[in-house]
Structure formats: C-alpha cells, structure tokens
>>> print(open('coords_2.pdb').read())   # PDB, C-alpha atoms
ATOM      1  CA  MET W 995      18.801  -9.167  -6.304  1.00  0.00           C
ATOM      2  CA  HIS W 996      18.143  -6.197  -8.607  1.00  0.00           C
ATOM      3  CA  GLN W 997      17.651  -8.283 -11.756  1.00  0.00           C
ATOM      4  CA  LYS W 998      15.427 -10.711  -9.865  1.00  0.00           C
ATOM      5  CA  LEU W 999      13.448  -7.758  -8.483  1.00  0.00           C
ATOM      6  CA  LEU W1000      12.885  -6.404 -11.976  1.00  0.00           C
ATOM      7  CA  ASN W1001      11.924  -9.797 -13.388  1.00  0.00           C
ATOM      8  CA  GLU W1002       9.594 -10.819 -10.560  1.00  0.00           C
ATOM      9  CA  CYS W1003       8.097  -7.613  -9.220  1.00  0.00           C
ATOM     10  CA  VAL W1004       7.878  -5.012 -11.966  1.00  0.00           C
ATOM     11  CA  PRO W1005       5.186  -6.829 -14.003  1.00  0.00           C
ATOM     12  CA  MET W1006       3.156  -7.180 -10.810  1.00  0.00           C
ATOM     13  CA  VAL W1007       3.473  -3.493  -9.912  1.00  0.00           C
ATOM     14  CA  VAL W1008       2.329  -2.503 -13.402  1.00  0.00           C
ATOM     15  CA  GLU W1009      -0.817  -4.560 -12.770  1.00  0.00           C
ATOM     16  CA  LEU W1010      -1.140  -2.993  -9.319  1.00  0.00           C
ATOM     17  CA  ALA W1011      -0.914   0.509 -10.802  1.00  0.00           C
ATOM     18  CA  ASP W1012      -3.726  -0.391 -13.219  1.00  0.00           C
ATOM     19  CA  LEU W1013      -5.775  -1.696 -10.294  1.00  0.00           C
ATOM     20  CA  MET W1014      -5.197   1.524  -8.341  1.00  0.00           C
ATOM     21  CA  VAL W1015      -6.278   3.656 -11.296  1.00  0.00           C
ATOM     22  CA  ARG W1016      -9.491   1.593 -11.562  1.00  0.00           C
ATOM     23  CA  VAL W1017     -10.115   1.974  -7.810  1.00  0.00           C
ATOM     24  CA  PHE W1018      -9.617   5.754  -7.985  1.00  0.00           C
ATOM     25  CA  ARG W1019     -11.787   6.092 -11.097  1.00  0.00           C
ATOM     26  CA  GLN W1020     -14.595   4.195  -9.363  1.00  0.00           C
ATOM     27  CA  GLY W1021     -14.461   6.417  -6.285  1.00  0.00           C
ATOM     28  CA  GLY W1022     -12.502   4.062  -4.040  1.00  0.00           C
ATOM     29  CA  LYS W1023      -9.681   4.968  -1.705  1.00  0.00           C
ATOM     30  CA  LEU W1024      -6.229   3.607  -0.956  1.00  0.00           C
ATOM     31  CA  TYR W1025      -5.412   2.774   2.653  1.00  0.00           C
ATOM     32  CA  LEU W1026      -1.826   1.939   3.605  1.00  0.00           C
ATOM     33  CA  LEU W1027      -0.240   0.729   6.831  1.00  0.00           C
ATOM     34  CA  GLY W1028       2.931  -0.586   8.383  1.00  0.00           C
ATOM     35  CA  ASN W1029       5.208  -0.432  11.426  1.00  0.00           C
ATOM     36  CA  GLY W1030       8.498   1.449  11.830  1.00  0.00           C
ATOM     37  CA  GLY W1031      10.224   1.956   8.484  1.00  0.00           C
ATOM     38  CA  SER W1032       7.204   0.427   6.782  1.00  0.00           C
ATOM     39  CA  ALA W1033       5.027   3.072   8.464  1.00  0.00           C
ATOM     40  CA  ALA W1034       7.267   5.708   6.924  1.00  0.00           C
ATOM     41  CA  GLN W1035       6.819   4.001   3.534  1.00  0.00           C
ATOM     42  CA  ALA W1036       3.038   4.065   3.933  1.00  0.00           C
ATOM     43  CA  GLN W1037       3.079   7.777   4.749  1.00  0.00           C
ATOM     44  CA  HIS W1038       5.474   8.497   1.877  1.00  0.00           C
ATOM     45  CA  VAL W1039       3.225   6.754  -0.648  1.00  0.00           C
ATOM     46  CA  ALA W1040       0.089   8.473   0.675  1.00  0.00           C
ATOM     47  CA  THR W1041       1.826  11.829   0.314  1.00  0.00           C
ATOM     48  CA  GLU W1042       2.905  11.130  -3.270  1.00  0.00           C
ATOM     49  CA  LEU W1043      -0.700  10.342  -4.188  1.00  0.00           C
ATOM     50  CA  VAL W1044      -2.548  13.037  -2.256  1.00  0.00           C
ATOM     51  CA  VAL W1045      -0.180  15.867  -3.163  1.00  0.00           C
ATOM     52  CA  ARG W1046       1.525  14.761  -6.371  1.00  0.00           C
ATOM     53  CA  PHE W1047       4.379  12.655  -7.613  1.00  0.00           C
ATOM     54  CA  LYS W1048       5.669  14.267 -10.819  1.00  0.00           C
ATOM     55  CA  GLN W1049       2.687  15.602 -12.723  1.00  0.00           C
ATOM     56  CA  ARG W1050      -0.114  17.980 -11.990  1.00  0.00           C
ATOM     57  CA  ARG W1051      -3.243  15.943 -11.509  1.00  0.00           C
ATOM     58  CA  ARG W1052      -6.167  15.739  -9.174  1.00  0.00           C
ATOM     59  CA  ALA W1053      -5.484  14.781  -5.564  1.00  0.00           C
ATOM     60  CA  LEU W1054      -5.937  11.049  -5.048  1.00  0.00           C
ATOM     61  CA  PRO W1055      -7.563   9.627  -1.897  1.00  0.00           C
ATOM     62  CA  ALA W1056      -4.780   7.839  -0.019  1.00  0.00           C
ATOM     63  CA  VAL W1057      -4.500   7.490   3.760  1.00  0.00           C
ATOM     64  CA  ALA W1058      -1.697   6.077   5.902  1.00  0.00           C
ATOM     65  CA  LEU W1059      -3.462   4.433   8.850  1.00  0.00           C
ATOM     66  CA  ASN W1060      -0.295   4.553  10.948  1.00  0.00           C
ATOM     67  CA  ALA W1061      -0.201   8.370  10.934  1.00  0.00           C
ATOM     68  CA  ASP W1062      -2.867   9.078  13.569  1.00  0.00           C
ATOM     69  CA  THR W1063      -1.167   8.656  16.949  1.00  0.00           C
ATOM     70  CA  ALA W1064      -4.333   9.409  18.916  1.00  0.00           C
ATOM     71  CA  ILE W1065      -6.240   6.545  17.288  1.00  0.00           C
ATOM     72  CA  ILE W1066      -3.269   4.186  17.499  1.00  0.00           C
ATOM     73  CA  THR W1067      -2.619   4.826  21.182  1.00  0.00           C
ATOM     74  CA  ALA W1068      -6.315   4.679  22.080  1.00  0.00           C
ATOM     75  CA  ALA W1069      -6.777   1.357  20.267  1.00  0.00           C
ATOM     76  CA  ALA W1070      -3.618  -0.048  21.870  1.00  0.00           C
ATOM     77  CA  ASN W1071      -4.802   1.086  25.288  1.00  0.00           C
ATOM     78  CA  ASP W1072      -8.463   0.076  25.011  1.00  0.00           C
ATOM     79  CA  PHE W1073      -7.915  -3.175  23.107  1.00  0.00           C
ATOM     80  CA  ASP W1074      -4.325  -4.201  22.385  1.00  0.00           C
ATOM     81  CA  TYR W1075      -1.649  -3.327  19.860  1.00  0.00           C
ATOM     82  CA  THR W1076      -2.780  -5.999  17.411  1.00  0.00           C
ATOM     83  CA  GLN W1077      -5.937  -3.946  16.856  1.00  0.00           C
ATOM     84  CA  VAL W1078      -4.434  -0.511  16.099  1.00  0.00           C
ATOM     85  CA  PHE W1079      -4.958  -0.847  12.335  1.00  0.00           C
ATOM     86  CA  ALA W1080      -7.844  -3.340  12.280  1.00  0.00           C
ATOM     87  CA  ARG W1081     -10.029  -0.934  14.232  1.00  0.00           C
ATOM     88  CA  GLN W1082      -9.433   1.763  11.623  1.00  0.00           C
ATOM     89  CA  VAL W1083     -10.059  -0.668   8.781  1.00  0.00           C
ATOM     90  CA  ASP W1084     -13.387  -1.585  10.410  1.00  0.00           C
ATOM     91  CA  ALA W1085     -14.330   2.094  10.570  1.00  0.00           C
ATOM     92  CA  LEU W1086     -13.131   3.319   7.179  1.00  0.00           C
ATOM     93  CA  VAL W1087     -12.497   0.680   4.532  1.00  0.00           C
ATOM     94  CA  THR W1088     -15.196  -0.463   2.096  1.00  0.00           C
ATOM     95  CA  SER W1089     -15.393  -3.064  -0.641  1.00  0.00           C
ATOM     96  CA  ASP W1090     -14.529  -0.317  -3.159  1.00  0.00           C
ATOM     97  CA  ASP W1091     -11.153   0.308  -1.545  1.00  0.00           C
ATOM     98  CA  LEU W1092      -7.623  -1.020  -1.776  1.00  0.00           C
ATOM     99  CA  LEU W1093      -5.762  -1.898   1.437  1.00  0.00           C
ATOM    100  CA  VAL W1094      -1.962  -2.069   1.228  1.00  0.00           C
ATOM    101  CA  ALA W1095       0.027  -3.596   4.078  1.00  0.00           C
ATOM    102  CA  PHE W1096       3.794  -3.203   4.388  1.00  0.00           C
ATOM    103  CA  SER W1097       5.682  -5.753   6.474  1.00  0.00           C
ATOM    104  CA  THR W1098       9.254  -6.751   5.709  1.00  0.00           C
ATOM    105  CA  SER W1099       8.766 -10.023   7.610  1.00  0.00           C
ATOM    106  CA  GLY W1100       5.154 -10.610   6.652  1.00  0.00           C
ATOM    107  CA  ALA W1101       4.507 -11.606  10.251  1.00  0.00           C
ATOM    108  CA  SER W1102       3.554  -8.432  12.154  1.00  0.00           C
ATOM    109  CA  PRO W1103       0.425  -9.315  14.173  1.00  0.00           C
ATOM    110  CA  ASN W1104      -1.180  -5.873  13.872  1.00  0.00           C
ATOM    111  CA  VAL W1105      -0.623  -5.835  10.104  1.00  0.00           C
ATOM    112  CA  LEU W1106      -2.107  -9.322   9.737  1.00  0.00           C
ATOM    113  CA  GLU W1107      -5.158  -8.330  11.804  1.00  0.00           C
ATOM    114  CA  ALA W1108      -5.677  -5.288   9.576  1.00  0.00           C
ATOM    115  CA  VAL W1109      -5.586  -7.461   6.455  1.00  0.00           C
ATOM    116  CA  ARG W1110      -8.068  -9.879   8.013  1.00  0.00           C
ATOM    117  CA  ALA W1111     -10.350  -6.928   8.785  1.00  0.00           C
ATOM    118  CA  GLY W1112      -9.945  -5.694   5.194  1.00  0.00           C
ATOM    119  CA  ARG W1113     -10.896  -9.092   3.826  1.00  0.00           C
ATOM    120  CA  LYS W1114     -14.037  -9.073   6.004  1.00  0.00           C
ATOM    121  CA  LYS W1115     -14.915  -5.714   4.432  1.00  0.00           C
ATOM    122  CA  GLN W1116     -14.279  -7.286   1.001  1.00  0.00           C
ATOM    123  CA  ALA W1117     -11.606  -4.735   0.118  1.00  0.00           C
ATOM    124  CA  THR W1118      -8.846  -5.781  -2.253  1.00  0.00           C
ATOM    125  CA  THR W1119      -5.770  -6.461  -0.139  1.00  0.00           C
ATOM    126  CA  VAL W1120      -2.119  -6.092  -1.136  1.00  0.00           C
ATOM    127  CA  GLY W1121       0.977  -7.054   0.816  1.00  0.00           C
ATOM    128  CA  PHE W1122       4.491  -5.701   0.321  1.00  0.00           C
ATOM    129  CA  THR W1123       7.041  -7.925   2.036  1.00  0.00           C
ATOM    130  CA  GLY W1124      10.368  -9.693   1.708  1.00  0.00           C
ATOM    131  CA  ASN W1125      10.957 -13.123   0.263  1.00  0.00           C
ATOM    132  CA  SER W1126      10.086 -14.911   3.479  1.00  0.00           C
ATOM    133  CA  GLY W1127       6.604 -13.551   2.874  1.00  0.00           C
ATOM    134  CA  GLY W1128       5.211 -14.830   6.137  1.00  0.00           C
ATOM    135  CA  GLN W1129       1.506 -15.117   6.711  1.00  0.00           C
ATOM    136  CA  LEU W1130       0.935 -11.837   4.913  1.00  0.00           C
ATOM    137  CA  CYS W1131       1.414 -13.475   1.516  1.00  0.00           C
ATOM    138  CA  GLU W1132      -1.184 -16.105   2.378  1.00  0.00           C
ATOM    139  CA  LEU W1133      -3.774 -13.511   3.436  1.00  0.00           C
ATOM    140  CA  VAL W1134      -3.621 -10.902   0.677  1.00  0.00           C
ATOM    141  CA  ASP W1135      -5.117 -10.892  -2.797  1.00  0.00           C
ATOM    142  CA  VAL W1136      -1.850  -9.583  -4.275  1.00  0.00           C
ATOM    143  CA  ALA W1137       1.563 -10.254  -2.713  1.00  0.00           C
ATOM    144  CA  VAL W1138       4.668  -8.347  -3.755  1.00  0.00           C
ATOM    145  CA  GLU W1139       7.656 -10.213  -2.334  1.00  0.00           C
ATOM    146  CA  VAL W1140      11.068  -8.592  -2.682  1.00  0.00           C
ATOM    147  CA  PRO W1141      13.617 -11.379  -3.273  1.00  0.00           C
ATOM    148  CA  THR W1142      15.748 -10.854  -0.145  1.00  0.00           C
ATOM    149  CA  ARG W1143      15.513 -11.220   3.626  1.00  0.00           C
ATOM    150  CA  ASP W1144      17.616  -8.120   4.304  1.00  0.00           C
ATOM    151  CA  THR W1145      15.264  -5.556   5.881  1.00  0.00           C
ATOM    152  CA  GLN W1146      17.018  -2.477   4.528  1.00  0.00           C
ATOM    153  CA  ARG W1147      17.088  -3.889   0.974  1.00  0.00           C
ATOM    154  CA  ILE W1148      13.399  -4.827   1.239  1.00  0.00           C
ATOM    155  CA  GLN W1149      12.498  -1.286   2.255  1.00  0.00           C
ATOM    156  CA  GLU W1150      14.652   0.214  -0.505  1.00  0.00           C
ATOM    157  CA  ALA W1151      13.001  -2.058  -3.060  1.00  0.00           C
ATOM    158  CA  HIS W1152       9.524  -1.201  -1.769  1.00  0.00           C
ATOM    159  CA  LEU W1153      10.283   2.476  -2.295  1.00  0.00           C
ATOM    160  CA  LEU W1154      11.594   1.857  -5.815  1.00  0.00           C
ATOM    161  CA  LEU W1155       8.532  -0.214  -6.724  1.00  0.00           C
ATOM    162  CA  TRP W1156       6.167   2.383  -5.279  1.00  0.00           C
ATOM    163  CA  HIS W1157       7.841   5.163  -7.217  1.00  0.00           C
ATOM    164  CA  ILE W1158       7.203   3.132 -10.375  1.00  0.00           C
ATOM    165  CA  ILE W1159       3.574   2.674  -9.333  1.00  0.00           C
ATOM    166  CA  CYS W1160       3.174   6.375  -8.539  1.00  0.00           C
ATOM    167  CA  GLU W1161       4.580   7.368 -11.921  1.00  0.00           C
ATOM    168  CA  LEU W1162       2.245   4.987 -13.747  1.00  0.00           C
ATOM    169  CA  VAL W1163      -0.751   6.241 -11.750  1.00  0.00           C
ATOM    170  CA  ASP W1164       0.315   9.862 -12.343  1.00  0.00           C
ATOM    171  CA  ASN W1165       0.488   9.262 -16.085  1.00  0.00           C
ATOM    172  CA  ALA W1166      -2.934   7.608 -16.221  1.00  0.00           C
ATOM    173  CA  ILE W1167      -4.685  10.213 -14.070  1.00  0.00           C
ATOM    174  CA  ALA W1168      -2.919  13.150 -15.772  1.00  0.00           C
ATOM    175  CA  GLU W1169      -4.221  11.813 -19.115  1.00  0.00           C
ATOM    176  CA  GLU W1170      -7.756  12.140 -17.734  1.00  0.00           C
ATOM    177  CA  ASN W1171      -7.064  15.797 -16.966  1.00  0.00           C
ATOM    178  CA  SER W1172      -5.797  16.470 -20.499  1.00  0.00           C
ATOM    179  CA  GLU W1173      -8.834  14.724 -22.013  1.00  0.00           C
ATOM    180  CA  VAL W1174     -11.170  16.975 -20.013  1.00  0.00           C
ATOM    181  CA  ASN W1175      -9.399  20.261 -20.963  1.00  0.00           C
TER     182      ASN W1175
END
>>> encode(input="coords_2.pdb", output="structure tokens")
Amino acid sequence: MHQKLLNECVPMVVELADLMVRVFRQGGKLYLLGNGGSAAQAQHVATELVVRFKQRRRALPAVALNADTAIITAAANDFDYTQVFARQVDALVTSDDLLVAFSTSGASPNVLEAVRAGRKKQATTVGFTGNSGGQLCELVDVAVEVPTRDTQRIQEAHLLLWHIICELVDNAIAEENSEVN
C-alpha cells in the first residue's frame, strides 16, 4: 500500500498544496470537515495551518467545521444530522475558498451534503477518502483516494499526506515572509 500511496497520491497532494497557497494568497480560506477520526484529522490540519507546522509564517485561515458543538447540535436538532456541515458551508464558504471533506468511506450523508453546499457556493471542493471512494469522489473537484479499505490505514495515510501538504504550504508562505523582510 505504501508504494501505491506514494505513486498515486503524492503528485496530487503537491498540486493540492499549490492550490492552497493560491487560495491563501488570494484571500480565501480553507474549511475542513469530517466525522469521528476524520473530524480529528480536520481539526489537526486546521491547527497546523492556523498556528504553524514547522516554520514561522503568518497564520493561515483554516477552520474545522466539526469543532463547534453548539452549531452542530443546533443544526442536528432544528434540521437533521445531514445538515450539520451544510448549514455552516451555506453561512461561511465563498467561491474564493477551498472546502476539504474527510470520509474514509466516501459515503457519510452529512459530508456529502456539505460538499453539495460547497459546490452551490462555487468553492473548490476536495475529498480525502479510501479506495472505495463512494459518492464523495464523484462530487468533489479533487479526490484523494488512499489505496486501501482499512479505516485505520486510510486515516494514517491522510495524516501523512496532510503533513506533506502542510510542509509544502509552510515553505511557500515562509518564502513570502523572507521576501518581505
């Protein structure tokens, strides 16, 4: 799986890092979401970007939509659980933004609804999933499919790929800081 992961996913994450740098340079934001372990991944990535990964650089606008329990529980109560992320996407996401959805199965209804809402807002959508891909791969602009169906391996690979992305983004944004000084 590791060699296949490197061959299939690393070139795509290099392109995704370039896309993120463009989004940040143009004033856009990164919104991330997921359920369970994928929610933890979304929060982890947002933290790496807002605070820092390895280098000193400006704080980058990244938000994990699964982190606000008040909004999530209100949306689940007032609408239903499929709307907990879509409602936030409707309120926050613009066409300048990047929406990243984590779903190991690619079939989580609330994740799919969020991506649909992001597409309506004309945001660029990205899905991180396993090799079954599910509907998520059909809905997003960019699909990163880890070549396994084993949930724990998918999540481990997502973290590895995101650390590569964060390092590439760090390097690009840190270069801007050195050019200014």
>>> closest_atom_pairs(input="coords_2.pdb", of="region 1016-1093 of chain W", to="region 1118-1133 of chain W", cutoff="9 Å", atoms="all atoms listed in the file", output="tab-separated table")
residue	atom	partner	partner_atom	distance
W:Ser1089	CA	W:Thr1118	CA	7.3
W:Asp1090	CA	W:Thr1118	CA	7.9
W:Asp1091	CA	W:Thr1118	CA	6.5
W:Leu1092	CA	W:Thr1118	CA	4.9
W:Leu1093	CA	W:Thr1119	CA	4.8
>>> residues_around(input="coords_2.pdb", residues="region 1051-1059 of chain W", least_positions_apart="3", cutoff="7 Å", atoms="only C-alpha atoms", output="MDAnalysis selection string")
chainID W and resid 1023:1027 1036:1037 1040 1043:1045 1062 1079 1167:1168 1171
>>> atom_distance(input="coords_2.pdb", atom1="CA of Thr1067 (chain W)", atom2="CA of His1152 (chain W)")
26.7 Å
>>> axis_aligned_box(input="coords_2.pdb", around="region 1024-1028 of chain W", padding_each_side="8 Å", output="AutoDock Vina command-line options")
--center_x -1.6 --center_y 1.5 --center_z 3.7 --size_x 25.2 --size_y 20.2 --size_z 25.3
>>> atom_distance(input="coords_2.pdb", atom1="CA of Val1015 (chain W)", atom2="CA of Ile1065 (chain W)")
28.7 Å
>>> resolve_selection(input="coords_2.pdb", expression="the PyMOL selection byres ((chain W and resi 1075) around 12)", output="VMD selection string")
chain W and resid 1029 1060 1065 to 1074 1076 to 1081 1102 to 1108
>>> closest_residue(input="coords_2.pdb", among="W:Gln1035, W:Thr1088, W:Gln1049, W:Gln1020", to="Ala1061 (chain W)", atoms="all atoms listed in the file")
W:Gln1035
>>> atom_distance(input="coords_2.pdb", atom1="CA of Glu1161 (chain W)", atom2="CA of Lys1048 (chain W)")
7.1 Å
>>> closest_residue(input="coords_2.pdb", among="W:Gly1028, W:Glu1170, W:Arg1019, W:Gln1149", to="Val1109 (chain W)", atoms="all atoms listed in the file")
W:Gly1028
>>> resolve_selection(input="coords_2.pdb", expression="the PyMOL selection byres ((chain W and resi 1011) around 8)", output="tab-separated table (two decimals) with C-alpha atoms, keeping the file's coordinate frame")
chain	number	residue	atom	x	y	z
W	1007	VAL	CA	3.47	-3.49	-9.91
W	1008	VAL	CA	2.33	-2.50	-13.40
W	1009	GLU	CA	-0.82	-4.56	-12.77
W	1010	LEU	CA	-1.14	-2.99	-9.32
W	1012	ASP	CA	-3.73	-0.39	-13.22
W	1013	LEU	CA	-5.78	-1.70	-10.29
W	1014	MET	CA	-5.20	1.52	-8.34
W	1015	VAL	CA	-6.28	3.66	-11.30
W	1159	ILE	CA	3.57	2.67	-9.33
W	1160	CYS	CA	3.17	6.38	-8.54
W	1162	LEU	CA	2.24	4.99	-13.75
W	1163	VAL	CA	-0.75	6.24	-11.75
>>> closest_residue(input="coords_2.pdb", among="W:Pro1005, W:Gly1031, W:Gly1112, W:Pro1141", to="Gln1082 (chain W)", atoms="all atoms listed in the file")
W:Gly1112
>>> residues_around(input="coords_2.pdb", residues="Cys1003 (chain W)", least_positions_apart="5", cutoff="9 Å", atoms="all atoms listed in the file", output="ChimeraX atom specification")
/W:998,1008,1138-1141,1155
>>> residues_around(input="coords_2.pdb", residues="Ala1151 (chain W)", least_positions_apart="3", cutoff="9 Å", atoms="only C-alpha atoms", output="list in words")
His996, Leu999, Val1140, Gln1146, Arg1147, Ile1148, Leu1154, Leu1155 and Trp1156 of chain W
>>> build_atoms(input="coords_2.pdb", residues="region 1035-1046 of chain W", atoms="all heavy atoms", output="PDB file, in the frame of the given file")
ATOM      1  N   GLN W1035       7.129   4.290   4.946  1.00  0.00           N
ATOM      2  CA  GLN W1035       6.819   4.001   3.534  1.00  0.00           C
ATOM      3  C   GLN W1035       5.345   4.300   3.246  1.00  0.00           C
ATOM      4  O   GLN W1035       5.016   4.899   2.217  1.00  0.00           O
ATOM      5  CB  GLN W1035       7.105   2.527   3.208  1.00  0.00           C
ATOM      6  CG  GLN W1035       8.538   2.134   3.330  1.00  0.00           C
ATOM      7  CD  GLN W1035       9.350   2.402   2.083  1.00  0.00           C
ATOM      8  OE1 GLN W1035       8.993   3.228   1.259  1.00  0.00           O
ATOM      9  NE2 GLN W1035      10.444   1.689   1.952  1.00  0.00           N
ATOM     10  N   ALA W1036       4.470   3.847   4.126  1.00  0.00           N
ATOM     11  CA  ALA W1036       3.038   4.065   3.933  1.00  0.00           C
ATOM     12  C   ALA W1036       2.725   5.559   3.864  1.00  0.00           C
ATOM     13  O   ALA W1036       1.962   6.004   2.994  1.00  0.00           O
ATOM     14  CB  ALA W1036       2.246   3.392   5.054  1.00  0.00           C
ATOM     15  N   GLN W1037       3.307   6.339   4.759  1.00  0.00           N
ATOM     16  CA  GLN W1037       3.079   7.777   4.749  1.00  0.00           C
ATOM     17  C   GLN W1037       3.671   8.414   3.496  1.00  0.00           C
ATOM     18  O   GLN W1037       3.059   9.319   2.911  1.00  0.00           O
ATOM     19  CB  GLN W1037       3.672   8.418   6.006  1.00  0.00           C
ATOM     20  CG  GLN W1037       2.837   8.121   7.239  1.00  0.00           C
ATOM     21  CD  GLN W1037       3.431   8.717   8.485  1.00  0.00           C
ATOM     22  OE1 GLN W1037       3.992   8.017   9.297  1.00  0.00           O
ATOM     23  NE2 GLN W1037       3.294  10.024   8.631  1.00  0.00           N
ATOM     24  N   HIS W1038       4.823   7.965   3.080  1.00  0.00           N
ATOM     25  CA  HIS W1038       5.474   8.497   1.877  1.00  0.00           C
ATOM     26  C   HIS W1038       4.573   8.284   0.654  1.00  0.00           C
ATOM     27  O   HIS W1038       4.332   9.210  -0.122  1.00  0.00           O
ATOM     28  CB  HIS W1038       6.831   7.801   1.688  1.00  0.00           C
ATOM     29  CG  HIS W1038       7.589   8.254   0.495  1.00  0.00           C
ATOM     30  ND1 HIS W1038       8.699   9.062   0.586  1.00  0.00           N
ATOM     31  CD2 HIS W1038       7.409   8.022  -0.827  1.00  0.00           C
ATOM     32  CE1 HIS W1038       9.162   9.307  -0.620  1.00  0.00           C
ATOM     33  NE2 HIS W1038       8.405   8.678  -1.501  1.00  0.00           N
ATOM     34  N   VAL W1039       4.076   7.071   0.503  1.00  0.00           N
ATOM     35  CA  VAL W1039       3.225   6.754  -0.648  1.00  0.00           C
ATOM     36  C   VAL W1039       1.941   7.582  -0.610  1.00  0.00           C
ATOM     37  O   VAL W1039       1.523   8.142  -1.632  1.00  0.00           O
ATOM     38  CB  VAL W1039       2.916   5.240  -0.707  1.00  0.00           C
ATOM     39  CG1 VAL W1039       1.859   4.938  -1.758  1.00  0.00           C
ATOM     40  CG2 VAL W1039       4.189   4.443  -0.966  1.00  0.00           C
ATOM     41  N   ALA W1040       1.311   7.673   0.562  1.00  0.00           N
ATOM     42  CA  ALA W1040       0.089   8.473   0.675  1.00  0.00           C
ATOM     43  C   ALA W1040       0.348   9.918   0.260  1.00  0.00           C
ATOM     44  O   ALA W1040      -0.451  10.522  -0.462  1.00  0.00           O
ATOM     45  CB  ALA W1040      -0.459   8.406   2.102  1.00  0.00           C
ATOM     46  N   THR W1041       1.474  10.458   0.672  1.00  0.00           N
ATOM     47  CA  THR W1041       1.826  11.829   0.314  1.00  0.00           C
ATOM     48  C   THR W1041       1.999  11.991  -1.184  1.00  0.00           C
ATOM     49  O   THR W1041       1.502  12.968  -1.772  1.00  0.00           O
ATOM     50  CB  THR W1041       3.122  12.247   1.044  1.00  0.00           C
ATOM     51  OG1 THR W1041       2.900  12.148   2.448  1.00  0.00           O
ATOM     52  CG2 THR W1041       3.522  13.668   0.684  1.00  0.00           C
ATOM     53  N   GLU W1042       2.689  11.053  -1.812  1.00  0.00           N
ATOM     54  CA  GLU W1042       2.905  11.130  -3.270  1.00  0.00           C
ATOM     55  C   GLU W1042       1.575  11.145  -4.010  1.00  0.00           C
ATOM     56  O   GLU W1042       1.448  11.792  -5.044  1.00  0.00           O
ATOM     57  CB  GLU W1042       3.743   9.945  -3.769  1.00  0.00           C
ATOM     58  CG  GLU W1042       5.124   9.810  -3.159  1.00  0.00           C
ATOM     59  CD  GLU W1042       6.149  10.832  -3.624  1.00  0.00           C
ATOM     60  OE1 GLU W1042       5.764  11.964  -3.997  1.00  0.00           O
ATOM     61  OE2 GLU W1042       7.333  10.491  -3.588  1.00  0.00           O
ATOM     62  N   LEU W1043       0.586  10.439  -3.499  1.00  0.00           N
ATOM     63  CA  LEU W1043      -0.700  10.342  -4.188  1.00  0.00           C
ATOM     64  C   LEU W1043      -1.629  11.509  -3.864  1.00  0.00           C
ATOM     65  O   LEU W1043      -2.308  12.025  -4.751  1.00  0.00           O
ATOM     66  CB  LEU W1043      -1.360   9.001  -3.867  1.00  0.00           C
ATOM     67  CG  LEU W1043      -0.576   7.802  -4.404  1.00  0.00           C
ATOM     68  CD1 LEU W1043      -1.116   6.506  -3.818  1.00  0.00           C
ATOM     69  CD2 LEU W1043      -0.595   7.763  -5.924  1.00  0.00           C
ATOM     70  N   VAL W1044      -1.671  11.923  -2.624  1.00  0.00           N
ATOM     71  CA  VAL W1044      -2.548  13.037  -2.256  1.00  0.00           C
ATOM     72  C   VAL W1044      -2.026  14.349  -2.839  1.00  0.00           C
ATOM     73  O   VAL W1044      -2.789  15.136  -3.411  1.00  0.00           O
ATOM     74  CB  VAL W1044      -2.694  13.152  -0.714  1.00  0.00           C
ATOM     75  CG1 VAL W1044      -3.415  14.447  -0.335  1.00  0.00           C
ATOM     76  CG2 VAL W1044      -3.430  11.939  -0.153  1.00  0.00           C
ATOM     77  N   VAL W1045      -0.736  14.600  -2.708  1.00  0.00           N
ATOM     78  CA  VAL W1045      -0.180  15.867  -3.163  1.00  0.00           C
ATOM     79  C   VAL W1045       0.140  15.781  -4.654  1.00  0.00           C
ATOM     80  O   VAL W1045      -0.537  16.377  -5.469  1.00  0.00           O
ATOM     81  CB  VAL W1045       1.064  16.263  -2.333  1.00  0.00           C
ATOM     82  CG1 VAL W1045       1.634  17.590  -2.820  1.00  0.00           C
ATOM     83  CG2 VAL W1045       0.694  16.353  -0.852  1.00  0.00           C
ATOM     84  N   ARG W1046       1.186  15.074  -4.987  1.00  0.00           N
ATOM     85  CA  ARG W1046       1.525  14.761  -6.371  1.00  0.00           C
ATOM     86  C   ARG W1046       2.866  14.051  -6.379  1.00  0.00           C
ATOM     87  O   ARG W1046       3.657  14.182  -5.457  1.00  0.00           O
ATOM     88  CB  ARG W1046       1.552  15.966  -7.288  1.00  0.00           C
ATOM     89  CG  ARG W1046       2.757  16.865  -7.133  1.00  0.00           C
ATOM     90  CD  ARG W1046       2.693  17.980  -8.139  1.00  0.00           C
ATOM     91  NE  ARG W1046       3.963  18.694  -8.122  1.00  0.00           N
ATOM     92  CZ  ARG W1046       4.425  19.373  -9.138  1.00  0.00           C
ATOM     93  NH1 ARG W1046       3.735  19.427 -10.251  1.00  0.00           N
ATOM     94  NH2 ARG W1046       5.567  20.002  -9.055  1.00  0.00           N
TER      95      ARG W1046
END
